[in-house]
Amino acid sequence: MIQVTNSIALDEAELQESFIRASGPGGQNVNKVESAVQLRFDVRNSPSLPEDVKARLERIAGKRLTNDGVLIITAQRFRTQERNREDAVARLVELIRQATERPKPRRPTRPTLASKKRRLEAKGRRSEIKKGRTAKPVFD
């Protein structure tokens, strides 16, 4: 079990790992060794996550989420499979932690009287500047 928060824990059976060749520099080694990890987590069918967390996680995931609701995280920062695996799981846990935080509801506010006056004065100044730009007829 992977502990995400006090109330949420992921079963390791929900995660699917596959190893792929990493891109980038590395000489011959990069062409031979499959050290990058592609971690797949089915967000929509996960029994570990509450519905509101699933919805926020889908929104946060963005382009890492497939049409089927599978979150794909690719980790290739390190040279070993084990460190890349740990990195991918840590990134997944961090995404889920972000999704558990409820967004603070926005309370509509009204502009103060002073801010309204400042805005209108700025508009007036700008208007005077633009009025001064008009071409005046020149008679000789």
# chains A, B, ... in the order shown; residues from 1 in each chain; ligands from 1
call {"tool": "residues_around", "arguments": {"residues": "range 93-96 of chain A", "least_positions_apart": "2", "cutoff": "8 Å", "atoms": "only C-alpha atoms", "output": "short mmCIF file (atom, residue, chain, number, x, y, z; two decimals) with all heavy atoms, in the first residue's frame"}}
result
data_model
loop_
_atom_site.label_atom_id
_atom_site.label_comp_id
_atom_site.auth_asym_id
_atom_site.auth_seq_id
_atom_site.Cartn_x
_atom_site.Cartn_y
_atom_site.Cartn_z
N VAL A 4 -0.96 7.98 0.65
CA VAL A 4 -0.98 9.29 0.01
C VAL A 4 -1.29 10.35 1.06
O VAL A 4 -0.54 11.31 1.24
CB VAL A 4 -2.02 9.34 -1.14
CG1 VAL A 4 -2.06 10.71 -1.77
CG2 VAL A 4 -1.71 8.28 -2.17
N VAL A 53 -12.12 13.76 -5.52
CA VAL A 53 -10.67 13.74 -5.77
C VAL A 53 -10.41 13.26 -7.19
O VAL A 53 -9.54 13.81 -7.88
CB VAL A 53 -9.94 12.84 -4.74
CG1 VAL A 53 -8.47 12.70 -5.08
CG2 VAL A 53 -10.10 13.42 -3.34
N LEU A 57 -8.40 15.40 -9.90
CA LEU A 57 -7.19 14.79 -10.45
C LEU A 57 -7.24 14.77 -11.98
O LEU A 57 -6.24 15.04 -12.64
CB LEU A 57 -7.00 13.37 -9.91
CG LEU A 57 -5.76 12.62 -10.36
CD1 LEU A 57 -4.50 13.38 -9.97
CD2 LEU A 57 -5.73 11.22 -9.74
N ILE A 60 -6.41 18.28 -13.07
CA ILE A 60 -5.00 18.62 -12.86
C ILE A 60 -4.10 17.88 -13.86
O ILE A 60 -3.11 18.43 -14.35
CB ILE A 60 -4.57 18.25 -11.41
CG1 ILE A 60 -5.25 19.17 -10.41
CG2 ILE A 60 -3.07 18.35 -11.24
CD1 ILE A 60 -5.06 18.74 -8.96
N ALA A 61 -4.45 16.62 -14.18
CA ALA A 61 -3.59 15.78 -15.02
C ALA A 61 -3.39 16.35 -16.41
O ALA A 61 -2.32 16.22 -16.99
CB ALA A 61 -4.17 14.37 -15.11
N VAL A 89 6.36 7.15 -8.93
CA VAL A 89 5.38 6.97 -7.84
C VAL A 89 5.28 8.24 -7.01
O VAL A 89 4.18 8.67 -6.63
CB VAL A 89 5.77 5.75 -6.96
CG1 VAL A 89 4.91 5.69 -5.72
CG2 VAL A 89 5.64 4.47 -7.77
N ALA A 90 6.42 8.88 -6.75
CA ALA A 90 6.41 10.13 -5.97
C ALA A 90 5.63 11.22 -6.71
O ALA A 90 4.87 11.98 -6.09
CB ALA A 90 7.84 10.59 -5.71
N ARG A 91 5.79 11.29 -8.03
CA ARG A 91 5.05 12.29 -8.81
C ARG A 91 3.56 12.00 -8.81
O ARG A 91 2.73 12.91 -8.73
CB ARG A 91 5.60 12.36 -10.23
CG ARG A 91 6.93 13.12 -10.24
CD ARG A 91 7.76 12.96 -11.48
NE ARG A 91 7.08 13.09 -12.74
CZ ARG A 91 7.62 12.74 -13.90
NH1 ARG A 91 8.83 12.25 -13.94
NH2 ARG A 91 6.96 12.88 -15.01
N GLN A 98 -2.30 17.01 -4.43
CA GLN A 98 -2.83 18.28 -4.93
C GLN A 98 -4.33 18.18 -5.17
O GLN A 98 -5.07 19.13 -4.92
CB GLN A 98 -2.14 18.68 -6.23
CG GLN A 98 -0.74 19.19 -6.07
CD GLN A 98 -0.11 19.49 -7.42
OE1 GLN A 98 -0.79 19.57 -8.45
NE2 GLN A 98 1.20 19.65 -7.44
N ALA A 99 -4.77 17.03 -5.67
CA ALA A 99 -6.19 16.85 -5.98
C ALA A 99 -7.04 16.74 -4.71
O ALA A 99 -8.25 16.99 -4.75
CB ALA A 99 -6.39 15.61 -6.84
N THR A 100 -6.43 16.34 -3.59
CA THR A 100 -7.22 16.22 -2.35
C THR A 100 -7.53 17.58 -1.74
O THR A 100 -8.47 17.69 -0.95
CB THR A 100 -6.47 15.37 -1.29
OG1 THR A 100 -5.20 15.97 -1.03
CG2 THR A 100 -6.32 13.94 -1.74
#
call {"tool": "select_by_dssp", "arguments": {"residues": "range 55-98 of chain A", "states": "strand (DSSP E)", "output": "PDB file with C-alpha atoms, in the first residue's frame"}}
result
ATOM      1  CA  VAL A  70      -5.746   6.479 -17.452  1.00  0.00           C
ATOM      2  CA  LEU A  71      -3.055   8.745 -16.041  1.00  0.00           C
ATOM      3  CA  ILE A  72       0.368   8.152 -17.638  1.00  0.00           C
ATOM      4  CA  ILE A  73       3.522   9.361 -15.910  1.00  0.00           C
ATOM      5  CA  THR A  74       6.869   8.873 -17.652  1.00  0.00           C
ATOM      6  CA  ALA A  75       9.996   9.097 -15.496  1.00  0.00           C
TER       7      ALA A  75
END
call {"tool": "atom_distance", "arguments": {"atom1": "CA of Lys116 in chain A", "atom2": "CA of Thr134 in chain A"}}
result
28.1 Å
call {"tool": "residues_around", "arguments": {"residues": "Phe19 in chain A", "least_positions_apart": "6", "cutoff": "12 Å", "atoms": "only C-alpha atoms", "output": "VMD selection string"}}
result
chain A and resid 33 to 40 73 to 76 80 to 82 84 to 85 88
call {"tool": "write_last_selection", "arguments": {"atoms": "N, CA and C atoms", "output": "PDB file, in the first residue's frame"}}
result
ATOM      1  N   VAL A  33      19.573  -0.079 -22.804  1.00  0.00           N
ATOM      2  CA  VAL A  33      18.943  -0.308 -21.509  1.00  0.00           C
ATOM      3  C   VAL A  33      17.590   0.390 -21.437  1.00  0.00           C
ATOM      4  N   GLU A  34      16.589  -0.316 -20.961  1.00  0.00           N
ATOM      5  CA  GLU A  34      15.257   0.270 -20.784  1.00  0.00           C
ATOM      6  C   GLU A  34      15.138   0.761 -19.347  1.00  0.00           C
ATOM      7  N   SER A  35      15.633   1.966 -19.106  1.00  0.00           N
ATOM      8  CA  SER A  35      15.681   2.483 -17.744  1.00  0.00           C
ATOM      9  C   SER A  35      14.534   3.432 -17.419  1.00  0.00           C
ATOM     10  N   ALA A  36      13.857   3.962 -18.430  1.00  0.00           N
ATOM     11  CA  ALA A  36      12.735   4.866 -18.176  1.00  0.00           C
ATOM     12  C   ALA A  36      11.499   4.061 -17.776  1.00  0.00           C
ATOM     13  N   VAL A  37      10.682   4.658 -16.922  1.00  0.00           N
ATOM     14  CA  VAL A  37       9.477   3.988 -16.416  1.00  0.00           C
ATOM     15  C   VAL A  37       8.250   4.736 -16.905  1.00  0.00           C
ATOM     16  N   GLN A  38       7.276   3.974 -17.392  1.00  0.00           N
ATOM     17  CA  GLN A  38       5.985   4.543 -17.755  1.00  0.00           C
ATOM     18  C   GLN A  38       4.969   3.958 -16.772  1.00  0.00           C
ATOM     19  N   LEU A  39       4.467   4.815 -15.896  1.00  0.00           N
ATOM     20  CA  LEU A  39       3.534   4.392 -14.858  1.00  0.00           C
ATOM     21  C   LEU A  39       2.117   4.723 -15.305  1.00  0.00           C
ATOM     22  N   ARG A  40       1.224   3.733 -15.244  1.00  0.00           N
ATOM     23  CA  ARG A  40      -0.178   3.940 -15.630  1.00  0.00           C
ATOM     24  C   ARG A  40      -1.064   3.729 -14.411  1.00  0.00           C
ATOM     25  N   ILE A  73       2.380   8.582 -16.373  1.00  0.00           N
ATOM     26  CA  ILE A  73       3.522   9.361 -15.910  1.00  0.00           C
ATOM     27  C   ILE A  73       4.783   8.674 -16.408  1.00  0.00           C
ATOM     28  N   THR A  74       5.612   9.415 -17.145  1.00  0.00           N
ATOM     29  CA  THR A  74       6.869   8.873 -17.652  1.00  0.00           C
ATOM     30  C   THR A  74       8.014   9.489 -16.871  1.00  0.00           C
ATOM     31  N   ALA A  75       8.849   8.630 -16.282  1.00  0.00           N
ATOM     32  CA  ALA A  75       9.996   9.097 -15.496  1.00  0.00           C
ATOM     33  C   ALA A  75      11.274   8.585 -16.140  1.00  0.00           C
ATOM     34  N   GLN A  76      12.152   9.510 -16.511  1.00  0.00           N
ATOM     35  CA  GLN A  76      13.418   9.106 -17.128  1.00  0.00           C
ATOM     36  C   GLN A  76      14.554  10.012 -16.663  1.00  0.00           C
ATOM     37  N   THR A  80      18.796   4.628 -13.441  1.00  0.00           N
ATOM     38  CA  THR A  80      18.396   3.278 -13.044  1.00  0.00           C
ATOM     39  C   THR A  80      16.883   3.160 -13.035  1.00  0.00           C
ATOM     40  N   GLN A  81      16.424   1.939 -13.294  1.00  0.00           N
ATOM     41  CA  GLN A  81      14.984   1.678 -13.273  1.00  0.00           C
ATOM     42  C   GLN A  81      14.396   1.966 -11.895  1.00  0.00           C
ATOM     43  N   GLU A  82      15.087   1.553 -10.864  1.00  0.00           N
ATOM     44  CA  GLU A  82      14.563   1.674  -9.507  1.00  0.00           C
ATOM     45  C   GLU A  82      14.336   3.137  -9.122  1.00  0.00           C
ATOM     46  N   ASN A  84      13.963   5.655 -11.181  1.00  0.00           N
ATOM     47  CA  ASN A  84      12.899   6.188 -12.030  1.00  0.00           C
ATOM     48  C   ASN A  84      11.530   5.717 -11.549  1.00  0.00           C
ATOM     49  N   ARG A  85      11.458   4.480 -11.080  1.00  0.00           N
ATOM     50  CA  ARG A  85      10.203   3.960 -10.541  1.00  0.00           C
ATOM     51  C   ARG A  85       9.790   4.767  -9.310  1.00  0.00           C
ATOM     52  N   ALA A  88       8.536   8.190 -10.397  1.00  0.00           N
ATOM     53  CA  ALA A  88       7.191   8.153 -10.988  1.00  0.00           C
ATOM     54  C   ALA A  88       6.120   8.020  -9.904  1.00  0.00           C
TER      55      ALA A  88
END
call {"tool": "closest_residue", "arguments": {"among": "A:Asp52, A:Glu58, A:Glu17, A:Asp87", "to": "Pro103 in chain A", "atoms": "only C-alpha atoms"}}
result
A:Asp52
call {"tool": "select_by_dssp", "arguments": {"residues": "range 4-93 of chain A", "states": "alpha helix (DSSP H)", "output": "list in words"}}
result
Gln28, Asn29, Val30, Asn31, Lys32, Glu51, Asp52, Val53, Lys54, Ala55, Arg56, Leu57, Glu58, Arg59, Ile60, Ala61, Gln81, Glu82, Arg83, Asn84, Arg85, Glu86, Asp87, Ala88, Val89, Ala90, Arg91, Leu92 and Val93 of chain A
call {"tool": "atom_distance", "arguments": {"atom1": "CA of Pro50 in chain A", "atom2": "CA of Leu92 in chain A"}}
result
15.9 Å
call {"tool": "atom_distance", "arguments": {"atom1": "CA of Ser46 in chain A", "atom2": "CA of Arg59 in chain A"}}
result
15.9 Å
call {"tool": "closest_residue", "arguments": {"among": "A:Leu65, A:Ala55, A:Ile8, A:Ala122", "to": "Arg102 in chain A", "atoms": "only C-alpha atoms"}}
result
A:Ala55
call {"tool": "decode", "arguments": {"residues": "range 45-56 of chain A", "atoms": "all heavy atoms", "output": "compact mmCIF listing (two decimals), in the first residue's frame"}}
result
# COMPACT_ATOMS: atom_id res chain seq x y z
N ASN A 45 -11.48 4.27 -12.60
CA ASN A 45 -11.90 3.00 -12.01
C ASN A 45 -11.18 2.67 -10.71
O ASN A 45 -11.24 1.54 -10.25
CB ASN A 45 -11.67 1.86 -13.02
CG ASN A 45 -12.50 2.08 -14.27
OD1 ASN A 45 -13.64 2.54 -14.21
ND2 ASN A 45 -11.93 1.77 -15.41
N SER A 46 -10.53 3.65 -10.11
CA SER A 46 -9.79 3.40 -8.87
C SER A 46 -10.73 3.38 -7.68
O SER A 46 -11.45 4.34 -7.41
CB SER A 46 -8.73 4.49 -8.66
OG SER A 46 -8.13 4.33 -7.41
N PRO A 47 -10.73 2.27 -6.92
CA PRO A 47 -11.58 2.21 -5.72
C PRO A 47 -10.98 2.98 -4.55
O PRO A 47 -11.68 3.24 -3.56
CB PRO A 47 -11.64 0.71 -5.41
CG PRO A 47 -10.39 0.16 -5.98
CD PRO A 47 -10.06 1.00 -7.17
N SER A 48 -9.75 3.40 -4.65
CA SER A 48 -9.06 4.06 -3.54
C SER A 48 -9.39 5.54 -3.42
O SER A 48 -9.20 6.13 -2.36
CB SER A 48 -7.55 3.91 -3.70
OG SER A 48 -7.19 2.58 -3.88
N LEU A 49 -9.85 6.15 -4.51
CA LEU A 49 -10.05 7.60 -4.51
C LEU A 49 -11.53 7.96 -4.43
O LEU A 49 -12.36 7.37 -5.11
CB LEU A 49 -9.48 8.21 -5.80
CG LEU A 49 -7.99 8.02 -6.06
CD1 LEU A 49 -7.61 8.64 -7.40
CD2 LEU A 49 -7.16 8.61 -4.96
N PRO A 50 -11.88 8.97 -3.62
CA PRO A 50 -13.25 9.48 -3.60
C PRO A 50 -13.56 10.19 -4.92
O PRO A 50 -12.66 10.62 -5.64
CB PRO A 50 -13.25 10.50 -2.45
CG PRO A 50 -11.99 10.28 -1.70
CD PRO A 50 -11.03 9.59 -2.60
N GLU A 51 -14.84 10.33 -5.23
CA GLU A 51 -15.27 10.89 -6.51
C GLU A 51 -14.78 12.32 -6.72
O GLU A 51 -14.36 12.68 -7.82
CB GLU A 51 -16.80 10.85 -6.64
CG GLU A 51 -17.36 9.45 -6.82
CD GLU A 51 -16.81 8.75 -8.07
OE1 GLU A 51 -16.68 9.40 -9.13
OE2 GLU A 51 -16.51 7.55 -7.98
N ASP A 52 -14.83 13.16 -5.67
CA ASP A 52 -14.40 14.55 -5.84
C ASP A 52 -12.90 14.64 -6.13
O ASP A 52 -12.46 15.47 -6.93
CB ASP A 52 -14.78 15.41 -4.63
CG ASP A 52 -14.16 14.90 -3.33
OD1 ASP A 52 -13.92 13.68 -3.21
OD2 ASP A 52 -13.92 15.73 -2.43
N VAL A 53 -12.12 13.76 -5.52
CA VAL A 53 -10.67 13.74 -5.77
C VAL A 53 -10.41 13.26 -7.19
O VAL A 53 -9.54 13.81 -7.88
CB VAL A 53 -9.94 12.84 -4.74
CG1 VAL A 53 -8.47 12.70 -5.08
CG2 VAL A 53 -10.10 13.42 -3.34
N LYS A 54 -11.17 12.28 -7.66
CA LYS A 54 -11.00 11.80 -9.04
C LYS A 54 -11.25 12.93 -10.04
O LYS A 54 -10.48 13.12 -10.98
CB LYS A 54 -11.99 10.66 -9.34
CG LYS A 54 -11.65 9.35 -8.71
CD LYS A 54 -12.69 8.31 -9.09
CE LYS A 54 -12.51 7.02 -8.34
NZ LYS A 54 -13.54 6.03 -8.68
N ALA A 55 -12.31 13.70 -9.81
CA ALA A 55 -12.65 14.79 -10.72
C ALA A 55 -11.55 15.85 -10.74
O ALA A 55 -11.14 16.32 -11.82
CB ALA A 55 -13.98 15.43 -10.31
N ARG A 56 -11.05 16.22 -9.56
CA ARG A 56 -9.98 17.23 -9.51
C ARG A 56 -8.69 16.69 -10.12
O ARG A 56 -7.96 17.41 -10.80
CB ARG A 56 -9.75 17.69 -8.07
CG ARG A 56 -10.80 18.68 -7.59
CD ARG A 56 -10.38 19.37 -6.32
NE ARG A 56 -10.31 18.48 -5.18
CZ ARG A 56 -11.31 18.21 -4.36
NH1 ARG A 56 -12.48 18.77 -4.55
NH2 ARG A 56 -11.15 17.39 -3.34
